[in-house]
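Heads up, the thing below is written out as structure tokens.
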Amino acid sequence: MSESLGLCPPGKMESSEQQQLCVFGTGDLGRSLGQRLLQTGFKVVYGSRRPDSCGPLPYGAQVRSHMEAAQAARLVFICVHRENYSFLESLASQLTGKVLVDVSNNRKKGLYPEANAEFLQRMLPGSYVIKCFNTLSSWSLQNGPSDACRQVHLCGNNADAKQAVAEVATKLGFIVLDRGSLSAAGELEDFPLQLFPEWRLPLRVALSLITFFFFYLLSRDVIFAYVTQGTDISFRIMVSLANKVFPIVALIMLALCYLPGVMAAFLQLHRGTKYSRFPDWLDRWMLCRKQLGLVALALAFLHVLYTLIIPIRYYVRYRIGQSIIKQIQENQTAKFDTTLAWRSDSYYSMGILGFAFFVLLGISSLPSVSNALSWREFHFIQSKLGYLTLFLCTLHTYLYGWDRFLKPTTYKWNTPPGYLLCLVVPTVVLLLRLLILLPCLDRTLTRIRQGWERSQSDEQKTLLA
Amino acid sequence: MSESLGLCPPGKMESSEQQQLCVFGTGDLGRSLGQRLLQTGFKVVYGSRRPDSCGPLPYGAQVRSHMEAAQAARLVFICVHRENYSFLESLASQLTGKVLVDVSNNRKKGLYPEANAEFLQRMLPGSYVIKCFNTLSSWSLQNGPSDACRQVHLCGNNADAKQAVAEVATKLGFIVLDRGSLSAAGELEDFPLQLFPEWRLPLRVALSLITFFFFYLLSRDVIFAYVTQGTDISFRIMVSLANKVFPIVALIMLALCYLPGVMAAFLQLHRGTKYSRFPDWLDRWMLCRKQLGLVALALAFLHVLYTLIIPIRYYVRYRIGQSIIKQIQENQTAKFDTTLAWRSDSYYSMGILGFAFFVLLGISSLPSVSNALSWREFHFIQSKLGYLTLFLCTLHTYLYGWDRFLKPTTYKWNTPPGYLLCLVVPTVVLLLRLLILLPCLDRTLTRIRQGWERSQSDEQKTLLA
Amino acid sequence: MSESLGLCPPGKMESSEQQQLCVFGTGDLGRSLGQRLLQTGFKVVYGSRRPDSCGPLPYGAQVRSHMEAAQAARLVFICVHRENYSFLESLASQLTGKVLVDVSNNRKKGLYPEANAEFLQRMLPGSYVIKCFNTLSSWSLQNGPSDACRQVHLCGNNADAKQAVAEVATKLGFIVLDRGSLSAAGELEDFPLQLFPEWRLPLRVALSLITFFFFYLLSRDVIFAYVTQGTDISFRIMVSLANKVFPIVALIMLALCYLPGVMAAFLQLHRGTKYSRFPDWLDRWMLCRKQLGLVALALAFLHVLYTLIIPIRYYVRYRIGQSIIKQIQENQTAKFDTTLAWRSDSYYSMGILGFAFFVLLGISSLPSVSNALSWREFHFIQSKLGYLTLFLCTLHTYLYGWDRFLKPTTYKWNTPPGYLLCLVVPTVVLLLRLLILLPCLDRTLTRIRQGWERSQSDEQKTLLA
């Protein structure tokens, strides 16, 4: 340490008040960034083609020709669209040895084969190009860190240039994340364009299932009653029907989280190795398990709320009142049915426990919580507690059904009730999972997952780590 | 890399067991820090005015005169109040080239124009002053990282000095955050003094609204009944009244989250630019939108719980029983009202959906979740889903009111009912928002937000980024 | 900055496509890591004892003898069990000046006195040993960052070697956390082996209390009724009994969070100093307060759900119906009891408020939330709001009991009811806490916590920071 401490005279480091920065581009990005830099105490020089008529700029900024501006600072912020980079070529000699901060974004993904920053670096090989600040919103560039814009992602090939840009970003109040070499620039440029890419498939699955079950149950419950008995019970759509559709889809989607896992296990058992890649569709499915589970949790949450408001519904109160009045008028009180009490209480109890574990799974998938867990702990929660949750929720549904499936009146228009349909996938998943727990399969699978292959040389036996 | 790898002989780096550190100050801070340093394996030398009578120190620590102690180590921890810095000036030559870690805090904000660490650096220009460890609680300094004290914020002008302090902090188990140059010291010194500064305004708004509506509804509901009919229904305060006040304030505060946004939009439309600053009050309002929303969510959560316990309340059970008994005694059963069933079910359904989206908004504002979102995603959730939430909750309230506002008995003492009052702000916000969606306004606003100004030069048209 | 910028020719840095890395060990770890490195664009050379027969390796990897492989790269990943390190000694000269990344883990804690990485560094003093990647799951090593495996912890004695490994990890997509010198290796090697160590004690306490109260209440409620009246009310186990056990244990555990705090305060008052260590059991207890509280919150959450489903239970509906029918048949309507209404509503209201504050405490203990708080804010929430929560929940329980404890029928088999038992600890904690608030005790305690000691020299008075 002592050697390098000598390099810069102690306590005499350039303070931020004196550091001069250059901004190319007087458009929105350039002005927003410049305004923030000025507010933080930097000196800002804008480079402009026509310095005398470049429109209003932040108060306190200077304007120069591109050439003069480039010479005035060691850090140059390039706030210009990629299509307009060409003028920079003529400034190559002024920009040699300078740090160029590429702030640009594209309007769509995949417009160019090469990232903007890499293109710029190739064009100006004598400069140090750093990709930075492009993941921020214009509002944050102008006003400083805010919710989704606290972190600044930065990449580039030169460590000192990165350090210099990181210093500026830190002074602006951002937390800097180093993303490695300039080859990461493409990823950074795509980041601001994305809108929940990994949530699309799960949401699409949820919407399809909800639509299907809504119309299925609408015809069985509401339309059937209207056609056969002529009664209008359409008001049931708002709560009763919703409270059937949501739990059905929630349970199916929870099972869909665990289905690819057991499928992968059987595929590995069949192939006898874990090193060959899964088919693409299985890979994609496995990558969105977390999102599938969280959508299922949201639907389960709705199911809980819809269930809990049951007793304050006008319809329910009316019916209970009517049934009591009927009992009195007919002078015959219903007998207490202990089996029914056991069943209904167990049904609620399983549902509550299942939901509580489901919430626990949800909490453990919050980024800050999962980061604090070792993978063994995370695996324990997501796998062991996950299957427990699936089991409890499936049992909850079985208890709901009980012996109802035996009664012929259940099969209106010869269709099975919704709860029977939704039990198929979870039951299959649980059975397959039980199958894997058989000692013979379990042992082989464990060995495969530790790297064993059905036909392999014996070096591994000595050096397997 | 290869060049620098040669600097320090490999594998021979001083291990922490041998590194000697110096602590100035034998007060609470100095002793707590020293105890932790000793436990972690460092050697600690205290500097004291009277080494022979300085009171009990952590077991294993040495005590020397200030001069001797300063010479014994490269890192000196200054655990002394700013008022007592003066004795350090006499040690200037011993401290030259040393890293001084300023751990001090002040008792109040704004006591001094200059941060303690900057003052120290100016006093000892030959030393490398680093501000660090001051954001930790005394407990964490003594016992290591705990909940709010896992991160250590550090700033200073010399990178190597920072690195040396960061190494020590890392060995003590903390996560180090570099906050840039010493000019950030003031901010770090204010950090431990703050107590939810950004929550004060929202909480004050919430408390004022709660107080107002509590007394307003108390007079309308409880006192009115007592004065006009002489009946004492004061027991309603605990649940019925609370369950009116909380949702009313929650809805108003949710609307207050979105009001400054539409106001800012109209201001930008009026001014024709986004670069002039908003008035101060609007700025402050916009900066606490998140807190306003979270307080509203907390109140909405209370509303949900208060609503769900309705059917187990003694009063409610009593009333339902009485109404059934009355029906029987009068031998006239109430007819089922399909419209009422539709309305009440829709009312609950909208409330549940609104609350569910509200919870989603709340989850997305957790720091670790919002950090993982791109700003486009964050904007989508907070703006699109936010307005959907506001719409659903407002609709929920309209359905609650229904045609009640037509009945003269509603206007006790000629005052409007609470739910009517609370609909004003959300309705205004939603209407203004709809107005902005008109194509002509929407187009202009989008252009303004992309940097366009009503009177601007044409350079932007070429170089806008 | 400018000096160092000259070191490496700008824009000519080795791109990741050309960097060659060496992996020792062709077992699971070695192959998983190599596959990921190849996918990310690195060249990978495996070192093997028998390069011609070492079994299938990732597509694109080269195989060489250990010696040749070691010479081909500057970074060597050691994916070999510690037991097989011996062969590395013969390669000492080839490995001199190289960066060795130790990825190994042990099967159990405490197998060896020295961490694997430290052992390796001692064996090869001429190499730069870095501990890294061992905290990742095999799946993440093969497929890149996933939930609990986004962060890579890294430690080592040489900053440049660390930097080189951090670059590789960053390119693989991980977030790198520097954990200091190689002496942290032992901690990193233990990390993947741990399974919620700090949750064990709280969970064990919870399970013991749940078991005790389950059987206690089972005999009082169910068995007593069976023995004395011969009625079978065993169905009550599922909901009624659960809804007594959960809140009882939740309240006791919440109080157990605050008990060690007041005990520590009295201990400090007794000893007159805060610098002597607490007894071991108290230390351990204090360190798991957060987990105690979160388990209590989970149980309180179950209590809320169990309470809210009460009105939709078959048993409850049956009983309410019967009581109405009985009233009619006996032609005597119950009179409305205002005191009962006040009491029951207050009871629910306190419960709701207590639960809401409890949820707030839970949210503030999420890592990302507590990191964003200053310790003063965290302390305020956990201490002030914590005691408020405890007070509200205790009051809720007292209101539940009311005058029930006066009736002799409550003491079945001469045992006190569960709610009375569970009030003991919280009442004691609240009373002790009130005692500490007495001015004389409070003043002394504050001084002790600021570092004052009953018998101390006077240096502190001048230099206390």
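We label chains A, B, ... in the order they appear in the structure tokens, count residues from 1 in each chain, and number ligands from 1 in the order shown.
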
Closest-contact table, chain C side, partner chain A, 7 Å, counting only C-alpha atoms, as CSV:
```
residue,atom,partner,partner_atom,distance
C:Met1,CA,A:Asp160,CA,6.6
C:Ser4,CA,A:Asp160,CA,6.8
C:Leu5,CA,A:Asp160,CA,6.0
C:Pro10,CA,A:Gly126,CA,5.6
C:Gly11,CA,A:Pro125,CA,5.1
C:Met13,CA,A:Asn157,CA,6.0
C:Gly25,CA,A:Leu463,CA,5.7
C:Thr26,CA,A:Gln460,CA,6.3
C:Gly27,CA,A:Leu464,CA,3.8
C:Asp28,CA,A:Gly451,CA,4.4
C:Leu29,CA,A:Ala465,CA,5.8
C:Ser53,CA,A:Ser457,CA,6.7
C:Cys54,CA,A:Glu459,CA,5.6
C:Gly55,CA,A:Ser457,CA,4.7
C:Cys79,CA,A:Ala465,CA,5.7
C:Val80,CA,A:Ala465,CA,4.7
C:His81,CA,A:Ala465,CA,4.8
C:Asn84,CA,A:Leu463,CA,6.9
C:Ser104,CA,A:Ala465,CA,6.7
C:Leu136,CA,A:Trp375,CA,6.8
C:Ser137,CA,A:Trp375,CA,6.1
C:Asp147,CA,A:Ser370,CA,6.1
C:Ala148,CA,A:Ser370,CA,4.8
C:Cys149,CA,A:Trp375,CA,6.4
C:Arg150,CA,A:Asn371,CA,6.9
C:Glu167,CA,A:Gly180,CA,5.9
C:Thr170,CA,A:Gly180,CA,5.6
C:Lys171,CA,A:Gly180,CA,5.8
C:Phe191,CA,A:Ser374,CA,6.5
C:Pro192,CA,A:Ser374,CA,5.7
C:Leu195,CA,A:Glu377,CA,5.4
C:Phe196,CA,A:Glu377,CA,6.7
C:Phe235,CA,A:Trp342,CA,4.7
C:Met238,CA,A:Ser346,CA,5.7
C:Val239,CA,A:Asp345,CA,6.0
C:Leu305,CA,A:Ile352,CA,6.7
C:Leu308,CA,A:Leu308,CA,6.5
C:Ile309,CA,A:Leu308,CA,6.3
C:Pro311,CA,A:Pro311,CA,6.4
C:Ile312,CA,A:Pro311,CA,6.3
C:Arg313,CA,A:Asp345,CA,6.8
C:Tyr314,CA,A:Ala341,CA,6.0
C:Tyr315,CA,A:Ala341,CA,5.9
C:Gly321,CA,A:Ile324,CA,6.1
C:Ile325,CA,A:Ile328,CA,6.7
C:Leu366,CA,A:Val369,CA,6.9
C:Pro367,CA,A:Ser368,CA,5.8
C:Ser368,CA,A:Ser368,CA,5.6
```

(request) Using only C-alpha atoms, determine which residues lie at most 12 Å from B:Phe278, disregarding the query and same-chain residues fewer than 4 positions distant; provide the list as a VMD selection string. (result) (chain A and resid 143) or (chain B and resid 260 to 261 263 to 268 271 273 to 274 282 to 287)

Using all heavy atoms, can you write the selected residues to a file as a compact mmCIF listing (two decimals), in the first residue's frame?
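Result saved to selection-v1.txt:
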```txt
# COMPACT_ATOMS: atom_id res chain seq x y z
N ASN A 143 -32.53 14.39 -12.04
CA ASN A 143 -32.81 14.68 -10.63
C ASN A 143 -32.08 13.79 -9.65
O ASN A 143 -32.24 13.93 -8.46
CB ASN A 143 -34.32 14.56 -10.38
CG ASN A 143 -35.12 15.53 -11.21
OD1 ASN A 143 -35.20 16.69 -10.89
ND2 ASN A 143 -35.66 15.05 -12.32
N PRO B 260 -49.93 15.11 -7.87
CA PRO B 260 -48.80 15.95 -8.30
C PRO B 260 -48.33 15.58 -9.70
O PRO B 260 -47.87 16.45 -10.45
CB PRO B 260 -47.72 15.68 -7.25
CG PRO B 260 -48.08 14.40 -6.61
CD PRO B 260 -49.58 14.34 -6.66
N GLY B 261 -48.44 14.31 -10.08
CA GLY B 261 -48.03 13.89 -11.42
C GLY B 261 -48.83 14.59 -12.50
O GLY B 261 -48.28 15.13 -13.47
N MET B 263 -50.60 17.30 -12.08
CA MET B 263 -50.34 18.74 -11.99
C MET B 263 -49.05 19.10 -12.72
O MET B 263 -48.97 20.09 -13.46
CB MET B 263 -50.25 19.17 -10.53
CG MET B 263 -51.61 19.20 -9.86
SD MET B 263 -51.47 19.39 -8.08
CE MET B 263 -51.11 21.12 -7.97
N ALA B 264 -48.01 18.28 -12.54
CA ALA B 264 -46.73 18.53 -13.21
C ALA B 264 -46.92 18.46 -14.73
O ALA B 264 -46.35 19.27 -15.48
CB ALA B 264 -45.69 17.51 -12.75
N ALA B 265 -47.73 17.51 -15.18
CA ALA B 265 -47.95 17.38 -16.62
C ALA B 265 -48.60 18.65 -17.17
O ALA B 265 -48.17 19.18 -18.22
CB ALA B 265 -48.84 16.17 -16.89
N PHE B 266 -49.61 19.16 -16.47
CA PHE B 266 -50.28 20.38 -16.96
C PHE B 266 -49.33 21.58 -16.92
O PHE B 266 -49.36 22.44 -17.77
CB PHE B 266 -51.56 20.65 -16.17
CG PHE B 266 -52.71 19.85 -16.68
CD1 PHE B 266 -53.13 18.70 -16.04
CD2 PHE B 266 -53.36 20.23 -17.87
CE1 PHE B 266 -54.18 17.95 -16.54
CE2 PHE B 266 -54.41 19.48 -18.36
CZ PHE B 266 -54.82 18.33 -17.70
N LEU B 267 -48.46 21.60 -15.89
CA LEU B 267 -47.49 22.67 -15.78
C LEU B 267 -46.51 22.62 -16.96
O LEU B 267 -46.17 23.65 -17.57
CB LEU B 267 -46.73 22.55 -14.46
CG LEU B 267 -46.11 23.83 -13.91
CD1 LEU B 267 -47.21 24.82 -13.60
CD2 LEU B 267 -45.31 23.53 -12.66
N GLN B 268 -46.07 21.41 -17.30
CA GLN B 268 -45.15 21.25 -18.42
C GLN B 268 -45.83 21.64 -19.72
O GLN B 268 -45.23 22.28 -20.59
CB GLN B 268 -44.65 19.81 -18.50
CG GLN B 268 -43.62 19.46 -17.42
CD GLN B 268 -43.17 18.03 -17.48
OE1 GLN B 268 -43.84 17.18 -18.05
NE2 GLN B 268 -42.02 17.75 -16.87
N ARG B 271 -45.98 25.45 -19.72
CA ARG B 271 -44.69 26.09 -19.93
C ARG B 271 -44.05 25.71 -21.26
O ARG B 271 -43.16 26.39 -21.74
CB ARG B 271 -43.72 25.67 -18.82
CG ARG B 271 -44.01 26.27 -17.46
CD ARG B 271 -43.09 25.60 -16.46
NE ARG B 271 -43.13 26.25 -15.16
CZ ARG B 271 -42.44 25.81 -14.11
NH1 ARG B 271 -41.71 24.72 -14.23
NH2 ARG B 271 -42.52 26.43 -12.96
N THR B 273 -42.01 23.22 -21.73
CA THR B 273 -40.67 22.66 -21.57
C THR B 273 -40.63 21.81 -20.33
O THR B 273 -41.47 21.96 -19.43
CB THR B 273 -39.60 23.77 -21.44
OG1 THR B 273 -38.34 23.13 -21.17
CG2 THR B 273 -39.92 24.70 -20.28
N LYS B 274 -39.69 20.89 -20.27
CA LYS B 274 -39.55 20.11 -19.05
C LYS B 274 -38.32 20.53 -18.26
O LYS B 274 -38.01 19.96 -17.24
CB LYS B 274 -39.47 18.62 -19.36
CG LYS B 274 -38.20 18.15 -20.02
CD LYS B 274 -38.04 16.65 -19.84
CE LYS B 274 -36.61 16.24 -20.15
NZ LYS B 274 -36.36 14.84 -19.84
N LEU B 282 -44.28 21.60 -5.11
CA LEU B 282 -44.61 20.49 -5.99
C LEU B 282 -43.47 19.47 -6.00
O LEU B 282 -43.69 18.25 -5.98
CB LEU B 282 -44.89 21.01 -7.41
CG LEU B 282 -45.45 19.99 -8.39
CD1 LEU B 282 -46.72 19.35 -7.88
CD2 LEU B 282 -45.71 20.64 -9.74
N ASP B 283 -42.25 19.98 -6.03
CA ASP B 283 -41.07 19.12 -5.95
C ASP B 283 -41.10 18.25 -4.71
O ASP B 283 -40.90 17.04 -4.77
CB ASP B 283 -39.81 20.00 -5.92
CG ASP B 283 -38.99 19.82 -7.19
OD1 ASP B 283 -39.41 19.03 -8.06
OD2 ASP B 283 -37.95 20.48 -7.32
N ARG B 284 -41.33 18.89 -3.57
CA ARG B 284 -41.34 18.14 -2.31
C ARG B 284 -42.46 17.10 -2.29
O ARG B 284 -42.30 15.99 -1.81
CB ARG B 284 -41.48 19.11 -1.13
CG ARG B 284 -40.24 19.11 -0.25
CD ARG B 284 -40.36 20.10 0.87
NE ARG B 284 -40.62 21.44 0.35
CZ ARG B 284 -41.48 22.28 0.87
NH1 ARG B 284 -42.21 21.93 1.92
NH2 ARG B 284 -41.65 23.47 0.35
N TRP B 285 -43.62 17.52 -2.85
CA TRP B 285 -44.76 16.61 -2.93
C TRP B 285 -44.41 15.38 -3.78
O TRP B 285 -44.67 14.24 -3.38
CB TRP B 285 -45.94 17.37 -3.53
CG TRP B 285 -47.27 16.69 -3.43
CD1 TRP B 285 -47.52 15.42 -3.04
CD2 TRP B 285 -48.53 17.27 -3.75
NE1 TRP B 285 -48.85 15.16 -3.08
CE2 TRP B 285 -49.51 16.29 -3.52
CE3 TRP B 285 -48.95 18.52 -4.20
CZ2 TRP B 285 -50.87 16.52 -3.75
CZ3 TRP B 285 -50.29 18.74 -4.42
CH2 TRP B 285 -51.24 17.76 -4.19
N MET B 286 -43.79 15.63 -4.94
CA MET B 286 -43.46 14.53 -5.84
C MET B 286 -42.44 13.59 -5.21
O MET B 286 -42.46 12.39 -5.47
CB MET B 286 -42.94 15.07 -7.17
CG MET B 286 -44.05 15.72 -7.98
SD MET B 286 -43.52 16.28 -9.61
CE MET B 286 -43.56 14.76 -10.53
N LEU B 287 -41.55 14.12 -4.38
CA LEU B 287 -40.52 13.28 -3.78
C LEU B 287 -41.07 12.38 -2.68
O LEU B 287 -40.41 11.43 -2.27
CB LEU B 287 -39.39 14.15 -3.23
CG LEU B 287 -38.44 14.68 -4.30
CD1 LEU B 287 -37.44 15.63 -3.71
CD2 LEU B 287 -37.72 13.53 -5.00
```

(request) Could you give me the residues within stretch 233-382 of chain B that DSSP places in helix (DSSP H, G or I), as a VMD selection string? (result) chain B and resid 234 to 237 242 to 271 280 to 287 289 to 308 310 to 312 314 to 330 338 to 364 367 to 372 375 to 382

What would the file look like if the residues just selected were written as a CSV table (one decimal), in the first residue's frame with C-alpha atoms?
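Resulting contents of out_2.csv:
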```csv
chain,number,residue,atom,x,y,z
B,234,SER,CA,-70.6,4.8,21.2
B,235,PHE,CA,-69.3,1.2,21.0
B,236,ARG,CA,-69.3,1.7,17.3
B,237,ILE,CA,-66.1,3.9,17.6
B,242,ALA,CA,-62.4,3.0,12.4
B,243,ASN,CA,-63.5,1.1,9.3
B,244,LYS,CA,-64.9,4.3,7.8
B,245,VAL,CA,-62.0,6.5,8.7
B,246,PHE,CA,-59.2,4.2,7.4
B,247,PRO,CA,-60.6,3.5,3.9
B,248,ILE,CA,-61.5,7.2,3.4
B,249,VAL,CA,-58.1,8.4,4.3
B,250,ALA,CA,-56.5,5.6,2.3
B,251,LEU,CA,-58.3,6.5,-0.8
B,252,ILE,CA,-57.6,10.2,-0.5
B,253,MET,CA,-53.9,9.5,0.1
B,254,LEU,CA,-53.7,7.1,-2.8
B,255,ALA,CA,-55.2,9.9,-5.0
B,256,LEU,CA,-52.7,12.4,-3.5
B,257,CYS,CA,-49.9,10.1,-4.9
B,258,TYR,CA,-51.1,10.7,-8.4
B,259,LEU,CA,-52.3,14.3,-8.1
B,260,PRO,CA,-48.8,16.0,-8.3
B,261,GLY,CA,-48.0,13.9,-11.4
B,262,VAL,CA,-51.0,15.3,-13.4
B,263,MET,CA,-50.3,18.7,-12.0
B,264,ALA,CA,-46.7,18.5,-13.2
B,265,ALA,CA,-48.0,17.4,-16.6
B,266,PHE,CA,-50.3,20.4,-17.0
B,267,LEU,CA,-47.5,22.7,-15.8
B,268,GLN,CA,-45.2,21.3,-18.4
B,269,LEU,CA,-47.9,21.6,-21.1
B,270,HIS,CA,-48.4,25.2,-20.0
B,271,ARG,CA,-44.7,26.1,-19.9
B,280,ASP,CA,-40.7,23.9,-4.5
B,281,TRP,CA,-43.9,22.6,-2.9
B,282,LEU,CA,-44.6,20.5,-6.0
B,283,ASP,CA,-41.1,19.1,-6.0
B,284,ARG,CA,-41.3,18.1,-2.3
B,285,TRP,CA,-44.8,16.6,-2.9
B,286,MET,CA,-43.5,14.5,-5.8
B,287,LEU,CA,-40.5,13.3,-3.8
B,289,ARG,CA,-45.3,10.1,-3.4
B,290,LYS,CA,-43.9,6.6,-2.6
B,291,GLN,CA,-44.3,7.3,1.2
B,292,LEU,CA,-47.8,8.7,0.6
B,293,GLY,CA,-48.7,5.5,-1.2
B,294,LEU,CA,-47.2,3.2,1.4
B,295,VAL,CA,-49.1,4.9,4.2
B,296,ALA,CA,-52.3,4.6,2.1
B,297,LEU,CA,-51.5,0.9,1.7
B,298,ALA,CA,-51.1,0.4,5.4
B,299,LEU,CA,-54.5,2.1,6.0
B,300,ALA,CA,-56.1,0.0,3.3
B,301,PHE,CA,-54.6,-3.1,5.0
B,302,LEU,CA,-56.3,-2.0,8.2
B,303,HIS,CA,-59.5,-1.5,6.3
B,304,VAL,CA,-59.4,-5.1,4.9
B,305,LEU,CA,-58.8,-6.6,8.4
B,306,TYR,CA,-61.6,-4.4,9.9
B,307,THR,CA,-63.9,-5.5,7.1
B,308,LEU,CA,-63.2,-9.2,7.4
B,310,ILE,CA,-67.4,-7.8,10.6
B,311,PRO,CA,-69.2,-11.2,10.7
B,312,ILE,CA,-67.7,-12.3,14.0
B,314,TYR,CA,-71.1,-9.5,18.6
B,315,TYR,CA,-73.1,-6.5,17.4
B,316,VAL,CA,-73.4,-7.8,13.8
B,317,ARG,CA,-74.4,-11.3,15.0
B,318,TYR,CA,-77.0,-9.8,17.3
B,319,ARG,CA,-78.5,-7.7,14.5
B,320,ILE,CA,-78.7,-10.5,12.0
B,321,GLY,CA,-80.3,-12.7,14.6
B,322,GLN,CA,-82.9,-10.0,15.4
B,323,SER,CA,-83.7,-9.4,11.8
B,324,ILE,CA,-84.4,-13.1,11.3
B,325,ILE,CA,-86.5,-13.3,14.4
B,326,LYS,CA,-88.4,-10.2,13.3
B,327,GLN,CA,-89.1,-11.8,9.9
B,328,ILE,CA,-90.5,-14.8,11.5
B,329,GLN,CA,-92.6,-13.0,14.0
B,330,GLU,CA,-94.1,-10.8,11.4
B,338,THR,CA,-80.9,-9.5,-7.6
B,339,THR,CA,-79.7,-5.9,-8.2
B,340,LEU,CA,-78.6,-5.7,-4.6
B,341,ALA,CA,-76.7,-9.0,-5.0
B,342,TRP,CA,-75.0,-7.8,-8.2
B,343,ARG,CA,-74.1,-4.5,-6.5
B,344,SER,CA,-72.8,-5.9,-3.3
B,345,ASP,CA,-70.8,-8.6,-5.0
B,346,SER,CA,-69.3,-6.1,-7.5
B,347,TYR,CA,-68.5,-3.8,-4.6
B,348,TYR,CA,-66.5,-6.5,-2.8
B,349,SER,CA,-64.9,-7.7,-6.0
B,350,MET,CA,-63.6,-4.3,-7.0
B,351,GLY,CA,-62.3,-3.8,-3.5
B,352,ILE,CA,-60.4,-7.1,-3.5
B,353,LEU,CA,-58.9,-6.5,-6.9
B,354,GLY,CA,-58.0,-2.9,-6.0
B,355,PHE,CA,-56.3,-4.1,-2.8
B,356,ALA,CA,-54.5,-6.9,-4.6
B,357,PHE,CA,-53.0,-4.4,-7.1
B,358,PHE,CA,-52.2,-2.1,-4.2
B,359,VAL,CA,-50.2,-4.9,-2.5
B,360,LEU,CA,-48.4,-5.5,-5.8
B,361,LEU,CA,-47.5,-1.8,-5.9
B,362,GLY,CA,-46.2,-2.1,-2.4
B,363,ILE,CA,-44.1,-5.1,-3.1
B,364,SER,CA,-42.5,-3.4,-6.2
B,367,PRO,CA,-35.7,-1.7,-2.4
B,368,SER,CA,-34.5,-5.0,-3.6
B,369,VAL,CA,-37.4,-5.5,-6.0
B,370,SER,CA,-37.3,-2.0,-7.5
B,371,ASN,CA,-33.5,-2.4,-8.0
B,372,ALA,CA,-34.1,-5.5,-10.1
B,375,TRP,CA,-37.0,1.9,-15.1
B,376,ARG,CA,-39.5,1.1,-17.9
B,377,GLU,CA,-40.8,-1.8,-15.8
B,378,PHE,CA,-40.9,0.3,-12.7
B,379,HIS,CA,-42.7,3.1,-14.5
B,380,PHE,CA,-45.2,0.6,-15.9
B,381,ILE,CA,-46.0,-0.8,-12.5
B,382,GLN,CA,-46.2,2.5,-10.7
```

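The gap separating atom CA of B:His396 from atom CA of B:Asp221 is 21.7 Å, in Å to one decimal.
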
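Atom CA of A:Pro58 sits 27.2 Å away from atom CA of A:Ala92.
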
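Note that atom CA of A:Ile233 and atom CA of A:Lys412 are 15.9 Å apart.
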
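On the backbone of this structure, DSSP gives strand (DSSP E or B) within stretch 153-261 of chain C to His153, Leu154, Cys155, Gly156, Ile175, Val176, Leu177 and Asp178 of chain C.
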
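Here the question is which of B:Ala69, B:Gly272, B:Thr397, B:Val45 gets nearest to B:Arg31 using only C-alpha atoms, and that residue is B:Val45.
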